[in-house]
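Participant: So that we are looking at the same thing, I have put the structure below in structure tokens.
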Amino acid sequence: MSDLGAGFGYLIKGQRWVFGHARWFGFGLLPALVTLIVYAGALVGLGYGADDFVAWATPFADDWSSPWLGLLRNTLVVLVFVLGIFLAVITFTAVTLLVGQPFYESLSEEVDRSEGGEVHESGLSLWRELWISARDSVRILVRVAFYGVLLFALGFIPVVGQTVIPVLGFCVSGYFLSEELTGVALQRRGMVLKDRLTLLRGRRMMVLGFGVPLAVAFVVPFVAVFLMPGAVAGATLLARELTRTPEPEPVPSSPYPLHKD
């Protein structure tokens, strides 16, 4: 439980850090705002075009009589829009990090610099970093989609599906959200996705303590925008903890004095 609280503590520390460095808060806000505007425009377009898309996708129902035609197509329109919102929620962080790669890498470096010690740099070109981030994001989203389908199916189990499964869903979302956010700092340390996942599994409760509250908050898009800079800062602090080399335990001194012959 101590790791769970420590993970949440890094989330709070990250938010405090950016609010204490107002310039970096505004700097980190830009990519999230750009992504939100693009997503909002896409959802508005989907709202206007969903009727035409459903009509195009269901030509077999053109001759159906009322009310079945309206019932089918109206239901599908709602499902299409819900699917669009779901995709927007699960991809928002990945797209924001990709759009804001230079911004968030600079922010992460500044957090490292303010905390002291070595400030790691990837040494890669911007395009190489974007390619690695995009590739890793796709791999993470595939994993999220797999667990999402599995949990959706389990959601039909009476009682369990309405209580335990939603909690597990937020745990899965929070875990992979933490991976995406810590990836900014860990990638600068030369860690590939496989090594990052192994590192996070070793401190799973701390990772969940950081990611689950953030996943709950990120359900609201506007909240996600304002928490994003602090989330990157907190994830950098978390990455520092996860990669910290443990200090060797002191060797107990002998209770007996040494005598020279």
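If you're wondering about the labels, chains in the structure tokens are A, B, ... by order shown, residues count from 1 in each chain, ligands from 1 in order shown.
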Can you tell me, as an mmCIF file with all heavy atoms, in the first residue's frame, what residues are no more than 12 Å from Val82 of chain A when counting only C-alpha atoms, ignoring any on the same chain fewer than 5 positions away?

Facilitator:
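Output (selection-v6.cif):
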```
data_model
loop_
_atom_site.group_PDB
_atom_site.id
_atom_site.type_symbol
_atom_site.label_atom_id
_atom_site.label_comp_id
_atom_site.auth_asym_id
_atom_site.auth_seq_id
_atom_site.Cartn_x
_atom_site.Cartn_y
_atom_site.Cartn_z
ATOM 1 N N LEU A 43 -15.058 15.126 -33.857
ATOM 2 C CA LEU A 43 -16.309 14.628 -33.271
ATOM 3 C C LEU A 43 -17.516 15.407 -33.785
ATOM 4 O O LEU A 43 -18.597 14.836 -33.988
ATOM 5 C CB LEU A 43 -16.239 14.705 -31.743
ATOM 6 C CG LEU A 43 -15.314 13.681 -31.067
ATOM 7 C CD1 LEU A 43 -15.225 13.947 -29.564
ATOM 8 C CD2 LEU A 43 -15.801 12.254 -31.324
ATOM 9 N N LEU A 46 -18.116 14.052 -37.123
ATOM 10 C CA LEU A 46 -18.745 12.728 -36.997
ATOM 11 C C LEU A 46 -20.219 12.867 -36.660
ATOM 12 O O LEU A 46 -21.060 12.121 -37.183
ATOM 13 C CB LEU A 46 -18.028 11.932 -35.909
ATOM 14 C CG LEU A 46 -18.555 10.514 -35.637
ATOM 15 C CD1 LEU A 46 -18.386 9.630 -36.874
ATOM 16 C CD2 LEU A 46 -17.834 9.888 -34.443
ATOM 17 N N GLY A 47 -20.540 13.836 -35.788
ATOM 18 C CA GLY A 47 -21.940 14.044 -35.430
ATOM 19 C C GLY A 47 -22.795 14.436 -36.627
ATOM 20 O O GLY A 47 -23.936 13.976 -36.765
ATOM 21 N N ALA A 50 -22.618 11.176 -39.291
ATOM 22 C CA ALA A 50 -22.946 9.816 -38.871
ATOM 23 C C ALA A 50 -24.197 9.285 -39.573
ATOM 24 O O ALA A 50 -24.266 8.115 -39.953
ATOM 25 C CB ALA A 50 -23.132 9.763 -37.354
ATOM 26 N N THR A 75 -30.112 3.677 -33.836
ATOM 27 C CA THR A 75 -29.265 2.926 -32.901
ATOM 28 C C THR A 75 -27.822 2.889 -33.378
ATOM 29 O O THR A 75 -26.883 3.094 -32.606
ATOM 30 C CB THR A 75 -29.786 1.487 -32.733
ATOM 31 O OG1 THR A 75 -31.131 1.523 -32.251
ATOM 32 C CG2 THR A 75 -28.918 0.704 -31.757
ATOM 33 N N LEU A 76 -27.630 2.650 -34.680
ATOM 34 C CA LEU A 76 -26.281 2.596 -35.236
ATOM 35 C C LEU A 76 -25.595 3.964 -35.189
ATOM 36 O O LEU A 76 -24.384 4.056 -34.972
ATOM 37 C CB LEU A 76 -26.322 2.073 -36.671
ATOM 38 C CG LEU A 76 -26.673 0.596 -36.833
ATOM 39 C CD1 LEU A 76 -26.754 0.222 -38.299
ATOM 40 C CD2 LEU A 76 -25.652 -0.279 -36.117
ATOM 41 N N VAL A 77 -26.360 5.038 -35.392
ATOM 42 C CA VAL A 77 -25.788 6.384 -35.300
ATOM 43 C C VAL A 77 -25.248 6.635 -33.896
ATOM 44 O O VAL A 77 -24.136 7.151 -33.715
ATOM 45 C CB VAL A 77 -26.843 7.451 -35.669
ATOM 46 C CG1 VAL A 77 -26.375 8.838 -35.230
ATOM 47 C CG2 VAL A 77 -27.094 7.443 -37.163
ATOM 48 N N LEU A 87 -12.803 6.029 -28.829
ATOM 49 C CA LEU A 87 -11.503 6.082 -29.493
ATOM 50 C C LEU A 87 -10.768 7.372 -29.162
ATOM 51 O O LEU A 87 -9.546 7.386 -28.998
ATOM 52 C CB LEU A 87 -11.675 5.944 -31.009
ATOM 53 C CG LEU A 87 -12.124 4.571 -31.517
ATOM 54 C CD1 LEU A 87 -12.386 4.616 -33.017
ATOM 55 C CD2 LEU A 87 -11.081 3.506 -31.187
ATOM 56 N N ALA A 88 -11.517 8.472 -29.057
ATOM 57 C CA ALA A 88 -10.902 9.751 -28.719
ATOM 58 C C ALA A 88 -10.288 9.700 -27.320
ATOM 59 O O ALA A 88 -9.171 10.196 -27.100
ATOM 60 C CB ALA A 88 -11.928 10.873 -28.803
ATOM 61 N N VAL A 89 -11.001 9.080 -26.379
ATOM 62 C CA VAL A 89 -10.521 9.018 -24.998
ATOM 63 C C VAL A 89 -9.256 8.165 -24.896
ATOM 64 O O VAL A 89 -8.267 8.561 -24.263
ATOM 65 C CB VAL A 89 -11.621 8.468 -24.066
ATOM 66 C CG1 VAL A 89 -11.051 8.146 -22.681
ATOM 67 C CG2 VAL A 89 -12.759 9.466 -23.941
#
```

Participant: Contacts of segment 199-205 of chain A at 10 Å or less, counting only C-alpha atoms, minus same-chain residues fewer than 4 places along, as an mmCIF file with N, CA and C atoms, in the first residue's frame?

Facilitator:
```
data_model
loop_
_atom_site.group_PDB
_atom_site.id
_atom_site.type_symbol
_atom_site.label_atom_id
_atom_site.label_comp_id
_atom_site.auth_asym_id
_atom_site.auth_seq_id
_atom_site.Cartn_x
_atom_site.Cartn_y
_atom_site.Cartn_z
ATOM 1 N N MET A 1 0.822 -1.211 0.000
ATOM 2 C CA MET A 1 0.000 0.000 0.000
ATOM 3 C C MET A 1 0.859 1.265 0.000
ATOM 4 N N SER A 2 2.070 1.155 0.549
ATOM 5 C CA SER A 2 2.943 2.327 0.572
ATOM 6 C C SER A 2 3.328 2.740 -0.845
ATOM 7 N N ASP A 3 3.551 1.751 -1.723
ATOM 8 C CA ASP A 3 3.869 2.057 -3.115
ATOM 9 C C ASP A 3 2.692 2.731 -3.812
ATOM 10 N N LEU A 4 1.476 2.304 -3.462
ATOM 11 C CA LEU A 4 0.276 2.897 -4.060
ATOM 12 C C LEU A 4 0.193 4.386 -3.707
ATOM 13 N N GLY A 5 0.418 4.701 -2.450
ATOM 14 C CA GLY A 5 0.398 6.094 -2.014
ATOM 15 C C GLY A 5 1.552 6.890 -2.603
ATOM 16 N N ALA A 6 2.723 6.242 -2.743
ATOM 17 C CA ALA A 6 3.877 6.929 -3.325
ATOM 18 C C ALA A 6 3.618 7.292 -4.781
ATOM 19 N N GLY A 7 2.961 6.392 -5.508
ATOM 20 C CA GLY A 7 2.632 6.673 -6.907
ATOM 21 C C GLY A 7 1.705 7.866 -7.030
ATOM 22 N N TYR A 175 -2.599 1.869 -15.900
ATOM 23 C CA TYR A 175 -1.284 1.230 -16.049
ATOM 24 C C TYR A 175 -0.634 1.632 -17.369
ATOM 25 N N PHE A 176 -1.389 1.521 -18.449
ATOM 26 C CA PHE A 176 -0.816 1.847 -19.758
ATOM 27 C C PHE A 176 -0.680 3.359 -19.960
ATOM 28 N N SER A 178 0.296 5.297 -17.553
ATOM 29 C CA SER A 178 1.581 5.531 -16.894
ATOM 30 C C SER A 178 2.735 5.154 -17.807
ATOM 31 N N GLU A 179 2.572 4.071 -18.557
ATOM 32 C CA GLU A 179 3.643 3.653 -19.464
ATOM 33 C C GLU A 179 3.889 4.717 -20.531
ATOM 34 N N THR A 182 5.529 7.902 -18.702
ATOM 35 C CA THR A 182 6.913 7.683 -18.272
ATOM 36 C C THR A 182 7.813 7.400 -19.464
ATOM 37 N N LEU A 186 11.841 7.785 -19.892
ATOM 38 C CA LEU A 186 12.579 6.526 -20.004
ATOM 39 C C LEU A 186 13.181 6.344 -21.396
ATOM 40 N N MET A 191 15.772 3.383 -22.940
ATOM 41 C CA MET A 191 15.015 2.162 -22.670
ATOM 42 C C MET A 191 13.981 1.928 -23.756
ATOM 43 N N LEU A 193 10.626 -0.246 -25.391
ATOM 44 C CA LEU A 193 9.311 -0.534 -24.816
ATOM 45 C C LEU A 193 9.326 -1.786 -23.944
ATOM 46 N N LYS A 194 9.963 -2.844 -24.404
ATOM 47 C CA LYS A 194 9.991 -4.098 -23.643
ATOM 48 C C LYS A 194 10.619 -3.880 -22.271
ATOM 49 N N ASP A 195 11.728 -3.154 -22.228
ATOM 50 C CA ASP A 195 12.400 -2.893 -20.945
ATOM 51 C C ASP A 195 11.556 -1.984 -20.059
ATOM 52 N N GLY A 209 -0.877 3.543 -8.607
ATOM 53 C CA GLY A 209 -1.160 4.707 -7.770
ATOM 54 C C GLY A 209 -1.013 6.003 -8.536
ATOM 55 N N PHE A 210 -0.101 6.016 -9.500
ATOM 56 C CA PHE A 210 0.077 7.197 -10.342
ATOM 57 C C PHE A 210 -0.966 7.252 -11.448
ATOM 58 N N GLY A 211 -1.204 6.123 -12.129
ATOM 59 C CA GLY A 211 -1.990 6.134 -13.353
ATOM 60 C C GLY A 211 -3.493 6.065 -13.192
ATOM 61 N N ALA A 239 9.679 8.148 -13.079
ATOM 62 C CA ALA A 239 10.733 7.438 -13.816
ATOM 63 C C ALA A 239 12.060 7.512 -13.067
ATOM 64 N N LEU A 242 11.864 4.921 -10.370
ATOM 65 C CA LEU A 242 11.908 3.549 -10.878
ATOM 66 C C LEU A 242 13.309 3.148 -11.334
ATOM 67 N N THR A 243 14.080 4.109 -11.800
ATOM 68 C CA THR A 243 15.423 3.804 -12.315
ATOM 69 C C THR A 243 16.519 4.093 -11.312
#
```

Participant: Got a sec: who's within 12 Å of Val216 of chain A, counting only C-alpha atoms, leaving out chain neighbours fewer than 2 positions off, as a VMD selection string?

Facilitator: chain A and resid 89 to 90 166 to 167 169 to 175 177 208 to 214 218 to 221 223 to 224 227

Participant: Which residue out of A:Leu72, A:Leu237, A:Leu97, A:Ala40 has the minimum interatomic distance to Asp136 of chain A when only C-alpha atoms are used?

Facilitator: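 Closest to Asp136 of chain A, using only C-alpha atoms: A:Leu97.
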
Participant: Between atom CA of Ala55 of chain A and atom CA of Arg73 of chain A, what is the distance in Å, rounded to a tenth?

Facilitator: 7.1 Å

Participant: So that I can check the surroundings of Val95 of chain A, please list as a list in words every protein, DNA and RNA residue that reaches within 12 Å of it, counting only C-alpha atoms and ignoring chain neighbours fewer than 6 positions away.

Facilitator: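 Contacts, with the query itself left out: Pro31, Ala32, Leu33, Val34, Thr35, Leu36, Val38, Tyr39, Leu87, Ala88, Val89, Gln101, Leu130, Ser133, Ala134, Arg135, Asp136, Ser137, Val138, Leu141, Glu180 and Leu181 of chain A.
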
Participant: Considering only C-alpha atoms, return as a ChimeraX atom specification whatever protein or nucleic-acid residues lie within 12 Å of segment 111-126 of chain A, sequence-local ones (same chain, fewer than 5 positions apart) excluded.

Facilitator: /A:13-18,20-21,24-25,98-106,131-133,183-192,229-241,244

Participant: Can those selected residues be exported to a file as a PDB file, in the first residue's frame so that it contains C-alpha atoms?

Facilitator:
```pdb
ATOM      1  CA  LYS A  13       4.251  16.460  -7.064  1.00  0.00           C
ATOM      2  CA  GLY A  14       4.137  16.739 -10.857  1.00  0.00           C
ATOM      3  CA  GLN A  15       1.138  19.060 -10.731  1.00  0.00           C
ATOM      4  CA  ARG A  16       2.818  21.155  -8.041  1.00  0.00           C
ATOM      5  CA  TRP A  17       5.994  21.349 -10.119  1.00  0.00           C
ATOM      6  CA  VAL A  18       4.285  22.818 -13.191  1.00  0.00           C
ATOM      7  CA  GLY A  20       5.409  26.377  -9.515  1.00  0.00           C
ATOM      8  CA  HIS A  21       6.959  26.859 -12.977  1.00  0.00           C
ATOM      9  CA  TRP A  24       6.543  25.394 -18.361  1.00  0.00           C
ATOM     10  CA  PHE A  25       2.864  24.868 -17.542  1.00  0.00           C
ATOM     11  CA  LEU A  98       3.232  12.478 -30.297  1.00  0.00           C
ATOM     12  CA  VAL A  99       2.183  16.012 -31.278  1.00  0.00           C
ATOM     13  CA  GLY A 100       4.034  17.510 -28.325  1.00  0.00           C
ATOM     14  CA  GLN A 101       7.152  15.321 -28.432  1.00  0.00           C
ATOM     15  CA  PRO A 102       9.644  18.253 -28.476  1.00  0.00           C
ATOM     16  CA  PHE A 103       7.590  20.173 -25.878  1.00  0.00           C
ATOM     17  CA  TYR A 104       7.273  17.324 -23.399  1.00  0.00           C
ATOM     18  CA  GLU A 105      10.831  16.144 -23.841  1.00  0.00           C
ATOM     19  CA  SER A 106      12.057  19.649 -22.973  1.00  0.00           C
ATOM     20  CA  TRP A 131       8.933   7.368 -35.228  1.00  0.00           C
ATOM     21  CA  ILE A 132       9.798   5.473 -32.032  1.00  0.00           C
ATOM     22  CA  SER A 133       7.021   7.243 -30.092  1.00  0.00           C
ATOM     23  CA  GLY A 183       7.999   6.735 -21.792  1.00  0.00           C
ATOM     24  CA  VAL A 184       9.040  10.371 -22.368  1.00  0.00           C
ATOM     25  CA  ALA A 185      11.673  10.195 -19.613  1.00  0.00           C
ATOM     26  CA  LEU A 186      12.579   6.526 -20.004  1.00  0.00           C
ATOM     27  CA  GLN A 187      13.075   6.798 -23.759  1.00  0.00           C
ATOM     28  CA  ARG A 188      15.603   9.549 -23.094  1.00  0.00           C
ATOM     29  CA  ARG A 189      17.382   7.025 -20.875  1.00  0.00           C
ATOM     30  CA  GLY A 190      17.672   4.640 -23.817  1.00  0.00           C
ATOM     31  CA  MET A 191      15.015   2.162 -22.670  1.00  0.00           C
ATOM     32  CA  VAL A 192      12.982   0.351 -25.327  1.00  0.00           C
ATOM     33  CA  PRO A 229       1.839  19.149 -18.281  1.00  0.00           C
ATOM     34  CA  GLY A 230       1.802  18.073 -14.635  1.00  0.00           C
ATOM     35  CA  ALA A 231       1.265  14.453 -15.672  1.00  0.00           C
ATOM     36  CA  VAL A 232       4.466  14.548 -17.754  1.00  0.00           C
ATOM     37  CA  ALA A 233       6.357  16.218 -14.890  1.00  0.00           C
ATOM     38  CA  GLY A 234       5.042  13.666 -12.390  1.00  0.00           C
ATOM     39  CA  ALA A 235       5.853  10.791 -14.745  1.00  0.00           C
ATOM     40  CA  THR A 236       9.429  12.079 -14.974  1.00  0.00           C
ATOM     41  CA  LEU A 237       9.693  12.069 -11.187  1.00  0.00           C
ATOM     42  CA  LEU A 238       8.225   8.559 -11.168  1.00  0.00           C
ATOM     43  CA  ALA A 239      10.733   7.438 -13.816  1.00  0.00           C
ATOM     44  CA  ARG A 240      13.573   8.786 -11.657  1.00  0.00           C
ATOM     45  CA  GLU A 241      12.321   6.678  -8.765  1.00  0.00           C
ATOM     46  CA  ARG A 244      17.136   4.825  -9.094  1.00  0.00           C
TER      47      ARG A 244
END
```

Participant: In terms of the shortest atom-to-atom distance over only C-alpha atoms, which of A:Gly45, A:Leu71, A:Leu107, A:Val80 is closest to Ala22 of chain A?

Facilitator: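 For Ala22 of chain A, the nearest of the candidates is A:Leu107.
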
Participant: Interatomic distance between atom CA of Val142 of chain A and atom CA of Gly84 of chain A?

Facilitator: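 Pair atom CA of Val142 of chain A / atom CA of Gly84 of chain A returns 16.6 Å.
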